[in-house]
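Undergrad: Input file: input.txt. Contents: compact mmCIF, C-alpha atoms.
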# COMPACT_ATOMS: atom_id res chain seq x y z
CA MET A 8 -28.87 -20.36 4.28
CA GLY A 9 -25.92 -18.81 6.07
CA LEU A 10 -23.55 -20.67 8.33
CA THR A 11 -24.29 -20.77 12.05
CA VAL A 12 -21.41 -19.45 14.13
CA TYR A 13 -21.36 -20.96 17.61
CA ARG A 14 -19.96 -18.80 20.39
CA ARG A 15 -19.62 -18.97 24.15
CA SER A 16 -23.30 -18.24 24.79
CA GLU A 17 -24.26 -21.60 23.19
CA VAL A 18 -21.92 -23.67 25.39
CA ASP A 19 -22.96 -25.93 28.26
CA ARG A 20 -19.75 -25.83 30.29
CA SER A 21 -21.06 -28.42 32.75
CA LEU A 22 -20.38 -31.16 30.19
CA LEU A 23 -16.68 -31.02 31.06
CA SER A 24 -17.19 -30.38 34.77
CA GLY A 25 -15.59 -33.14 36.82
CA ALA A 26 -14.45 -35.04 33.73
CA THR A 27 -10.96 -36.39 33.24
CA VAL A 28 -9.68 -35.72 29.72
CA ALA A 29 -6.79 -37.76 28.33
CA VAL A 30 -4.90 -35.98 25.58
CA VAL A 31 -3.02 -38.65 23.63
CA GLY A 32 0.05 -37.16 21.99
CA TYR A 33 1.90 -34.02 23.04
CA GLY A 34 3.01 -32.57 19.74
CA ASN A 35 1.88 -29.65 17.58
CA GLN A 36 -1.83 -29.80 18.52
CA GLY A 37 -1.66 -31.96 21.64
CA HIS A 38 0.32 -29.55 23.78
CA ALA A 39 -2.03 -26.65 22.97
CA HIS A 40 -5.20 -28.63 23.70
CA ALA A 41 -3.79 -30.00 26.95
CA LEU A 42 -2.59 -26.62 28.22
CA ASN A 43 -5.70 -24.71 27.18
CA LEU A 44 -8.01 -27.33 28.68
CA ARG A 45 -6.04 -27.31 31.93
CA ASP A 46 -6.06 -23.52 32.10
CA SER A 47 -9.85 -23.66 31.62
CA GLY A 48 -10.16 -25.76 34.76
CA VAL A 49 -10.41 -29.19 33.15
CA ARG A 50 -8.59 -32.14 34.69
CA VAL A 51 -6.12 -33.26 32.01
CA VAL A 52 -3.84 -36.28 31.81
CA VAL A 53 -1.35 -36.75 28.99
CA GLY A 54 -0.76 -40.07 27.30
CA GLN A 55 2.65 -40.01 25.68
CA ARG A 56 5.48 -42.47 25.15
CA PRO A 57 8.99 -41.50 26.31
CA GLY A 58 10.78 -39.04 24.06
CA ARG A 59 10.60 -35.40 23.12
CA GLY A 60 6.85 -35.09 23.68
CA PHE A 61 7.09 -36.82 27.05
CA ASP A 62 9.84 -34.46 28.20
CA ARG A 63 7.93 -31.41 26.95
CA ALA A 64 4.77 -32.48 28.78
CA ALA A 65 6.73 -33.01 31.99
CA ALA A 66 8.35 -29.58 31.63
CA ASP A 67 4.85 -28.09 31.28
CA GLY A 68 3.81 -29.56 34.62
CA PHE A 69 2.05 -32.76 33.52
CA GLN A 70 2.90 -36.25 34.65
CA PRO A 71 2.68 -38.09 31.33
CA LEU A 72 1.49 -41.67 31.44
CA PRO A 73 1.66 -44.62 29.06
CA VAL A 74 -1.18 -44.23 26.58
CA GLY A 75 -3.23 -47.18 27.83
CA GLU A 76 -2.98 -46.03 31.43
CA ALA A 77 -4.04 -42.48 30.57
CA VAL A 78 -7.00 -43.76 28.54
CA ALA A 79 -8.17 -46.23 31.20
CA GLY A 80 -8.75 -43.45 33.72
CA ALA A 81 -10.38 -40.97 31.35
CA ASP A 82 -13.96 -39.92 30.61
CA TRP A 83 -12.87 -38.16 27.40
CA VAL A 84 -10.01 -39.23 25.12
CA ILE A 85 -8.68 -36.70 22.59
CA LEU A 86 -6.36 -38.06 19.89
CA THR A 87 -3.78 -35.59 18.60
CA LEU A 88 -1.44 -38.17 17.09
CA PRO A 89 0.01 -37.98 13.57
CA ASP A 90 -2.34 -39.36 10.92
CA GLU A 91 0.09 -42.08 9.95
CA THR A 92 0.47 -43.54 13.47
CA ALA A 93 -2.94 -42.90 15.05
CA ALA A 94 -4.64 -46.07 13.82
CA ASP A 95 -1.90 -48.36 15.09
CA VAL A 96 -1.83 -46.65 18.49
CA PHE A 97 -5.61 -46.77 18.69
CA ALA A 98 -5.75 -50.51 17.98
CA ARG A 99 -2.83 -51.39 20.26
CA ASP A 100 -3.18 -49.04 23.22
CA ILE A 101 -6.44 -47.08 23.16
CA ALA A 102 -9.27 -49.43 22.15
CA PRO A 103 -8.45 -52.10 24.77
CA ALA A 104 -8.36 -49.48 27.55
CA LEU A 105 -11.46 -47.41 26.69
CA LYS A 106 -14.18 -47.38 29.32
CA PRO A 107 -17.77 -47.78 28.08
CA ARG A 108 -19.34 -44.55 26.82
CA THR A 109 -16.04 -42.66 26.81
CA THR A 110 -16.21 -39.56 24.62
CA LEU A 111 -13.71 -39.96 21.79
CA GLY A 112 -12.35 -36.76 20.24
CA PHE A 113 -10.30 -36.06 17.12
CA VAL A 114 -8.56 -32.90 15.92
CA HIS A 115 -8.63 -34.05 12.29
CA GLY A 116 -10.99 -36.40 10.49
CA PHE A 117 -8.44 -38.36 8.45
CA ASN A 118 -8.56 -41.73 10.22
CA LEU A 119 -12.35 -41.73 10.64
CA ARG A 120 -13.06 -40.53 7.12
CA PHE A 121 -10.96 -43.25 5.50
CA GLY A 122 -11.87 -46.04 7.89
CA PHE A 123 -8.51 -46.59 9.55
CA ILE A 124 -10.10 -46.26 13.02
CA ALA A 125 -13.43 -47.86 13.99
CA PRO A 126 -14.73 -46.37 17.26
CA PRO A 127 -16.79 -48.47 19.68
CA PRO A 128 -20.56 -48.05 19.16
CA GLY A 129 -21.39 -46.74 22.63
CA SER A 130 -19.17 -43.67 22.50
CA ASP A 131 -19.78 -40.14 21.36
CA VAL A 132 -17.27 -39.51 18.55
CA ILE A 133 -16.59 -35.84 17.92
CA MET A 134 -14.05 -33.54 16.33
CA VAL A 135 -12.77 -30.06 17.09
CA ALA A 136 -10.32 -28.91 14.42
CA PRO A 137 -8.73 -25.52 15.11
CA LYS A 138 -7.88 -23.73 11.88
CA GLY A 139 -4.23 -23.13 12.58
CA PRO A 140 -1.16 -24.66 14.23
CA GLY A 141 -1.04 -25.55 17.90
CA ALA A 142 1.40 -22.76 18.72
CA LEU A 143 -1.11 -20.19 17.45
CA LEU A 144 -4.00 -21.88 19.29
CA ARG A 145 -2.00 -21.63 22.50
CA SER A 146 -0.70 -18.08 22.06
CA LEU A 147 -4.14 -16.70 21.19
CA TYR A 148 -5.69 -18.43 24.20
CA ALA A 149 -3.00 -17.00 26.49
CA ALA A 150 -3.73 -13.53 25.07
CA GLY A 151 -7.45 -13.87 25.83
CA LYS A 152 -8.33 -14.46 22.17
CA GLY A 153 -9.27 -17.53 20.18
CA LEU A 154 -8.63 -19.44 16.98
CA PRO A 155 -11.68 -20.37 14.87
CA ALA A 156 -12.43 -24.08 14.77
CA LEU A 157 -14.57 -26.62 12.95
CA ALA A 158 -16.67 -29.06 14.97
CA ALA A 159 -18.28 -32.30 13.84
CA VAL A 160 -20.02 -35.42 15.11
CA ALA A 161 -19.39 -38.87 13.68
CA GLN A 162 -21.36 -40.78 16.33
CA ASP A 163 -23.93 -39.46 18.78
CA ALA A 164 -24.50 -42.15 21.40
CA SER A 165 -25.56 -39.75 24.15
CA GLY A 166 -27.73 -37.40 22.13
CA ARG A 167 -25.47 -34.53 23.20
CA ALA A 168 -22.36 -35.18 21.16
CA PHE A 169 -22.33 -31.80 19.42
CA ASP A 170 -22.83 -30.07 22.78
CA ARG A 171 -19.74 -31.90 23.99
CA ALA A 172 -17.79 -30.72 20.96
CA LEU A 173 -18.81 -27.13 21.73
CA ALA A 174 -17.74 -27.53 25.37
CA TRP A 175 -14.33 -28.75 24.22
CA ALA A 176 -14.02 -25.95 21.66
CA ASP A 177 -14.91 -23.44 24.37
CA ALA A 178 -12.30 -24.82 26.76
CA ILE A 179 -9.53 -24.35 24.19
CA GLY A 180 -10.67 -20.80 23.43
CA SER A 181 -12.18 -21.29 19.98
CA THR A 182 -15.65 -20.00 20.90
CA ARG A 183 -14.01 -16.61 21.52
CA ALA A 184 -13.61 -16.45 17.73
CA GLY A 185 -16.31 -18.77 16.44
CA VAL A 186 -17.01 -22.44 15.79
CA LEU A 187 -18.54 -23.76 12.57
CA ARG A 188 -20.29 -27.11 12.27
CA THR A 189 -19.08 -29.48 9.57
CA THR A 190 -18.66 -33.22 8.97
CA PHE A 191 -15.63 -35.45 9.32
CA ALA A 192 -15.63 -35.92 5.54
CA GLU A 193 -15.86 -32.23 4.67
CA GLU A 194 -13.14 -31.23 7.14
CA THR A 195 -10.78 -33.98 5.97
CA GLU A 196 -11.24 -33.51 2.26
CA THR A 197 -10.98 -29.71 2.28
CA ASP A 198 -8.04 -29.80 4.68
CA LEU A 199 -6.02 -32.21 2.53
CA PHE A 200 -6.92 -30.34 -0.63
CA GLY A 201 -5.87 -26.98 0.84
CA GLU A 202 -2.56 -28.41 2.03
CA GLN A 203 -1.72 -30.07 -1.26
CA VAL A 204 -2.94 -27.47 -3.74
CA VAL A 205 -2.28 -24.17 -1.95
CA LEU A 206 -0.83 -23.99 1.54
CA CYS A 207 2.06 -26.42 1.20
CA GLY A 208 2.26 -28.10 -2.19
CA GLY A 209 1.08 -25.21 -4.35
CA VAL A 210 3.07 -22.49 -2.59
CA SER A 211 6.23 -24.59 -2.45
CA ALA A 212 6.09 -25.58 -6.10
CA LEU A 213 5.14 -22.08 -7.30
CA THR A 214 7.90 -20.26 -5.43
CA GLN A 215 10.52 -22.83 -6.45
CA ALA A 216 9.49 -22.69 -10.11
CA ALA A 217 9.49 -18.88 -10.13
CA PHE A 218 12.88 -18.74 -8.37
CA GLU A 219 14.41 -21.22 -10.81
CA THR A 220 12.98 -19.34 -13.81
CA LEU A 221 14.73 -16.12 -12.75
CA VAL A 222 18.02 -17.84 -11.89
CA GLU A 223 18.06 -19.77 -15.17
CA ALA A 224 17.54 -16.43 -16.95
CA GLY A 225 20.71 -15.10 -15.32
CA TYR A 226 19.36 -13.14 -12.35
CA THR A 227 21.12 -13.16 -8.97
CA PRO A 228 19.72 -15.98 -6.79
CA GLU A 229 19.42 -13.78 -3.71
CA PHE A 230 17.43 -11.18 -5.67
CA ALA A 231 15.22 -13.94 -7.09
CA TYR A 232 14.56 -15.24 -3.57
CA LEU A 233 13.69 -11.78 -2.27
CA GLU A 234 11.14 -11.29 -5.03
CA CYS A 235 9.59 -14.76 -5.20
CA VAL A 236 9.70 -15.95 -1.57
CA HIS A 237 10.60 -13.23 0.92
CA GLU A 238 7.93 -10.77 -0.23
CA LEU A 239 5.27 -13.47 -0.26
CA LYS A 240 4.65 -12.93 3.45
CA GLN A 241 3.58 -9.34 2.90
CA ILE A 242 0.90 -10.40 0.41
CA VAL A 243 -0.25 -13.38 2.47
CA ASP A 244 -0.60 -11.18 5.56
CA LEU A 245 -2.75 -8.73 3.61
CA LEU A 246 -4.94 -11.57 2.31
CA TYR A 247 -5.23 -13.03 5.82
CA GLU A 248 -6.06 -9.71 7.46
CA ARG A 249 -8.15 -7.96 4.80
CA GLY A 250 -9.12 -10.22 1.89
CA LEU A 251 -8.37 -10.23 -1.84
CA THR A 252 -9.92 -6.89 -2.85
CA ALA A 253 -8.36 -4.95 0.03
CA MET A 254 -4.99 -6.58 -0.66
CA ARG A 255 -5.17 -5.28 -4.22
CA ASP A 256 -6.04 -1.83 -2.90
CA ARG A 257 -2.74 -1.82 -1.01
CA ILE A 258 -0.36 -2.83 -3.80
CA SER A 259 0.72 -0.70 -6.74
CA ASN A 260 -1.46 -0.37 -9.82
CA THR A 261 1.32 -1.99 -11.80
CA ALA A 262 1.35 -4.99 -9.46
CA GLU A 263 -2.43 -5.28 -9.55
CA TYR A 264 -2.60 -5.08 -13.35
CA GLY A 265 0.06 -7.80 -13.59
CA ASP A 266 -1.86 -9.85 -11.03
CA LEU A 267 -5.16 -9.60 -12.91
CA THR A 268 -3.76 -10.20 -16.40
CA ARG A 269 -0.91 -12.67 -15.79
CA GLY A 270 -2.09 -14.66 -12.77
CA PRO A 271 -4.72 -16.57 -14.78
CA ARG A 272 -1.98 -17.59 -17.24
CA VAL A 273 0.00 -19.22 -14.42
CA ILE A 274 -3.03 -20.91 -12.88
CA GLY A 275 -4.75 -21.75 -16.13
CA PRO A 276 -6.88 -24.67 -17.37
CA GLU A 277 -4.11 -27.26 -16.95
CA ALA A 278 -3.51 -26.29 -13.32
CA ARG A 279 -7.25 -26.31 -12.61
CA GLU A 280 -7.57 -29.77 -14.13
CA GLN A 281 -4.77 -31.01 -11.87
CA MET A 282 -6.62 -29.55 -8.88
CA LYS A 283 -9.71 -31.57 -9.84
CA GLN A 284 -7.62 -34.73 -10.16
CA ILE A 285 -5.99 -34.13 -6.77
CA LEU A 286 -9.41 -33.62 -5.17
CA GLU A 287 -10.63 -36.87 -6.69
CA GLU A 288 -7.57 -38.71 -5.32
CA ILE A 289 -8.43 -37.35 -1.88
CA ARG A 290 -12.15 -38.11 -2.00
CA SER A 291 -11.65 -41.62 -3.36
CA GLY A 292 -9.20 -42.49 -0.58
CA ARG A 293 -6.31 -43.11 -2.99
CA PHE A 294 -4.11 -40.45 -1.39
CA ALA A 295 -4.84 -41.73 2.13
CA ALA A 296 -4.03 -45.31 1.15
CA GLU A 297 -0.85 -44.21 -0.63
CA TRP A 298 0.35 -42.18 2.36
CA LEU A 299 -0.38 -44.89 4.94
CA ALA A 300 1.35 -47.51 2.78
CA GLU A 301 4.38 -45.24 2.41
CA ALA A 302 4.57 -44.51 6.15
CA ARG A 303 4.06 -48.12 7.21
CA GLY A 304 6.61 -49.31 4.63
CA GLY A 305 9.40 -47.30 6.21
CA GLY A 306 8.93 -44.01 4.35
CA ALA A 307 11.96 -44.27 2.03
CA LYS A 308 10.29 -42.26 -0.74
CA PHE A 309 9.04 -39.65 1.73
CA LYS A 310 12.49 -39.23 3.30
CA ALA A 311 14.15 -38.89 -0.11
CA LEU A 312 11.64 -36.25 -1.18
CA HIS A 313 12.04 -34.43 2.14
CA GLU A 314 15.81 -34.26 1.78
CA ALA A 315 15.87 -33.43 -1.94
CA ASP A 316 15.61 -29.66 -1.50
CA SER A 317 17.98 -29.25 1.43
CA ALA A 318 21.05 -28.40 -0.67
CA THR A 319 19.41 -26.44 -3.49
CA GLU A 320 20.24 -22.91 -4.63
CA TYR A 321 16.77 -21.92 -3.44
CA GLU A 322 17.61 -22.92 0.14
CA ARG A 323 21.10 -21.39 -0.01
CA ALA A 324 19.68 -18.06 -1.18
CA GLY A 325 17.04 -18.26 1.54
CA GLN A 326 19.66 -18.74 4.24
CA PHE A 327 21.40 -15.57 3.06
CA VAL A 328 18.18 -13.54 3.01
CA ARG A 329 17.18 -14.74 6.48
CA SER A 330 20.65 -13.83 7.79
CA LEU A 331 19.74 -10.20 7.06
CA MET A 332 16.96 -10.53 9.66
CA PRO A 333 18.69 -11.94 12.77
CA TRP A 334 15.53 -11.58 14.84
CA LEU A 335 14.11 -14.59 13.00
CA ALA A 336 16.57 -16.76 14.91
CA ASP A 337 14.68 -15.93 18.11
CA LYS A 338 11.49 -17.59 16.89
CA PRO A 339 10.77 -21.02 18.40
CA ALA A 340 11.49 -24.04 16.21
Please rewrite the model in this file as structure tokens.
TA:
Amino acid sequence: MGLTVYRRSEVDRSLLSGATVAVVGYGNQGHAHALNLRDSGVRVVVGQRPGRGFDRAAADGFQPLPVGEAVAGADWVILTLPDETAADVFARDIAPALKPRTTLGFVHGFNLRFGFIAPPPGSDVIMVAPKGPGALLRSLYAAGKGLPALAAVAQDASGRAFDRALAWADAIGSTRAGVLRTTFAEETETDLFGEQVVLCGGVSALTQAAFETLVEAGYTPEFAYLECVHELKQIVDLLYERGLTAMRDRISNTAEYGDLTRGPRVIGPEAREQMKQILEEIRSGRFAAEWLAEARGGGAKFKALHEADSATEYERAGQFVRSLMPWLADKPA
């Protein structure tokens, strides 16, 4: 059976009509959801503590409120907080202020999947997870386009929870592209796995290892960076836009032969076994427990790991290569 793709024709827009939606958190995802919802005619309030997010929300024309106050006046509450802080904010500020039967929305399933947040039984609990960063969600919406999204229901108190998720997805522009139904567990587990094995962890480790291999063999660091990091974007763009086969049609025969014969040696049985182990750590909850313990314990290990690469030859070579493209400095941080 093929996947069902939900588009604008399946949406009951009246489900958001007259509702007040509190977006809690005004960061990467929060600002895009709040702005897109507002531009779709939805009444939006922002719950945000003072700081960078508060100032950004005010600059965008909102009047940000303390989280509890924003939640108390809302019919829908959408949490866009970081995974590591969401449960504490929910217990302290959100749960005591929730009105009965408030629709509770998530943009990622992490805290529901691993039991860090327990929603009240009378609420619809839904998720709309756009498949991309908030800046892209916002820019595509502003251009009249949309970013695909996953939608899920964890609790259907009203009998129309999935319809509510579609209405939300429509209001942020995702039905212009397509919405796929999933579960909180599937979205969370595949999302974490993709981040750790490919998108962040895998790509970072692979490019660093390749760069260091060339430098240790005596090659110029800047040349190594150009080959192992800079040119990666060209291949990723082709994969994103056209797929694996069409990407191979657009590279040289030499490159494709090397890809087909040497790639499996890099990602061989040992790497695949590690992928299985990482997936098991995710599905069992061990990774989630480890990360929450690290964050709540002050994050010393996380900070040390974050800072470890800042002064490496890899980063120095990258700074030089990026200096050859001054237009990159114009991109927003």
Undergrad: So which one's closest to A:Gln284, A:Gly270, A:Asp256, A:Ala224, A:Val204? Using all atoms listed in the file, please.
TA: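 Of A:Gly270, A:Asp256, A:Ala224, A:Val204, the one nearest A:Gln284, counting all atoms listed in the file, is A:Val204.
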Undergrad: Would you be able to write out as a ChimeraX atom specification which residues have an atom within 12 Å of (-18.0, -24.9, 29.4) in the file's coordinates, counting only C-alpha atoms?
TA: /A:14-26,44,47-49,170-182
Undergrad: Which distance in Å separates atom CA of A:Val132 and atom CA of A:Val114, to one decimal?
TA: 11.2 Å
Undergrad: Which is closer to A:Val205 than all the others in A:Leu111, A:Ile285, A:Leu299, A:Val30, using only C-alpha atoms?
TA: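 Among A:Leu111, A:Ile285, A:Leu299, A:Val30, it is A:Ile285 that comes nearest to A:Val205.
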Undergrad: Would you list the contacts of A:Phe97 as a ChimeraX atom specification, taking every protein, DNA or RNA residue within 10 Å and counting only C-alpha atoms, but skipping same-chain residues closer than 6 positions in sequence?
TA: /A:31,74-75,86,88,103-105,123-126
Undergrad: Ranking A:Cys235, A:Met134, A:Ala307, A:Ile101 by minimum distance to A:Glu76 and counting only C-alpha atoms, which one comes first?
TA: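 Among A:Cys235, A:Met134, A:Ala307, A:Ile101, it is A:Ile101 that comes nearest to A:Glu76.
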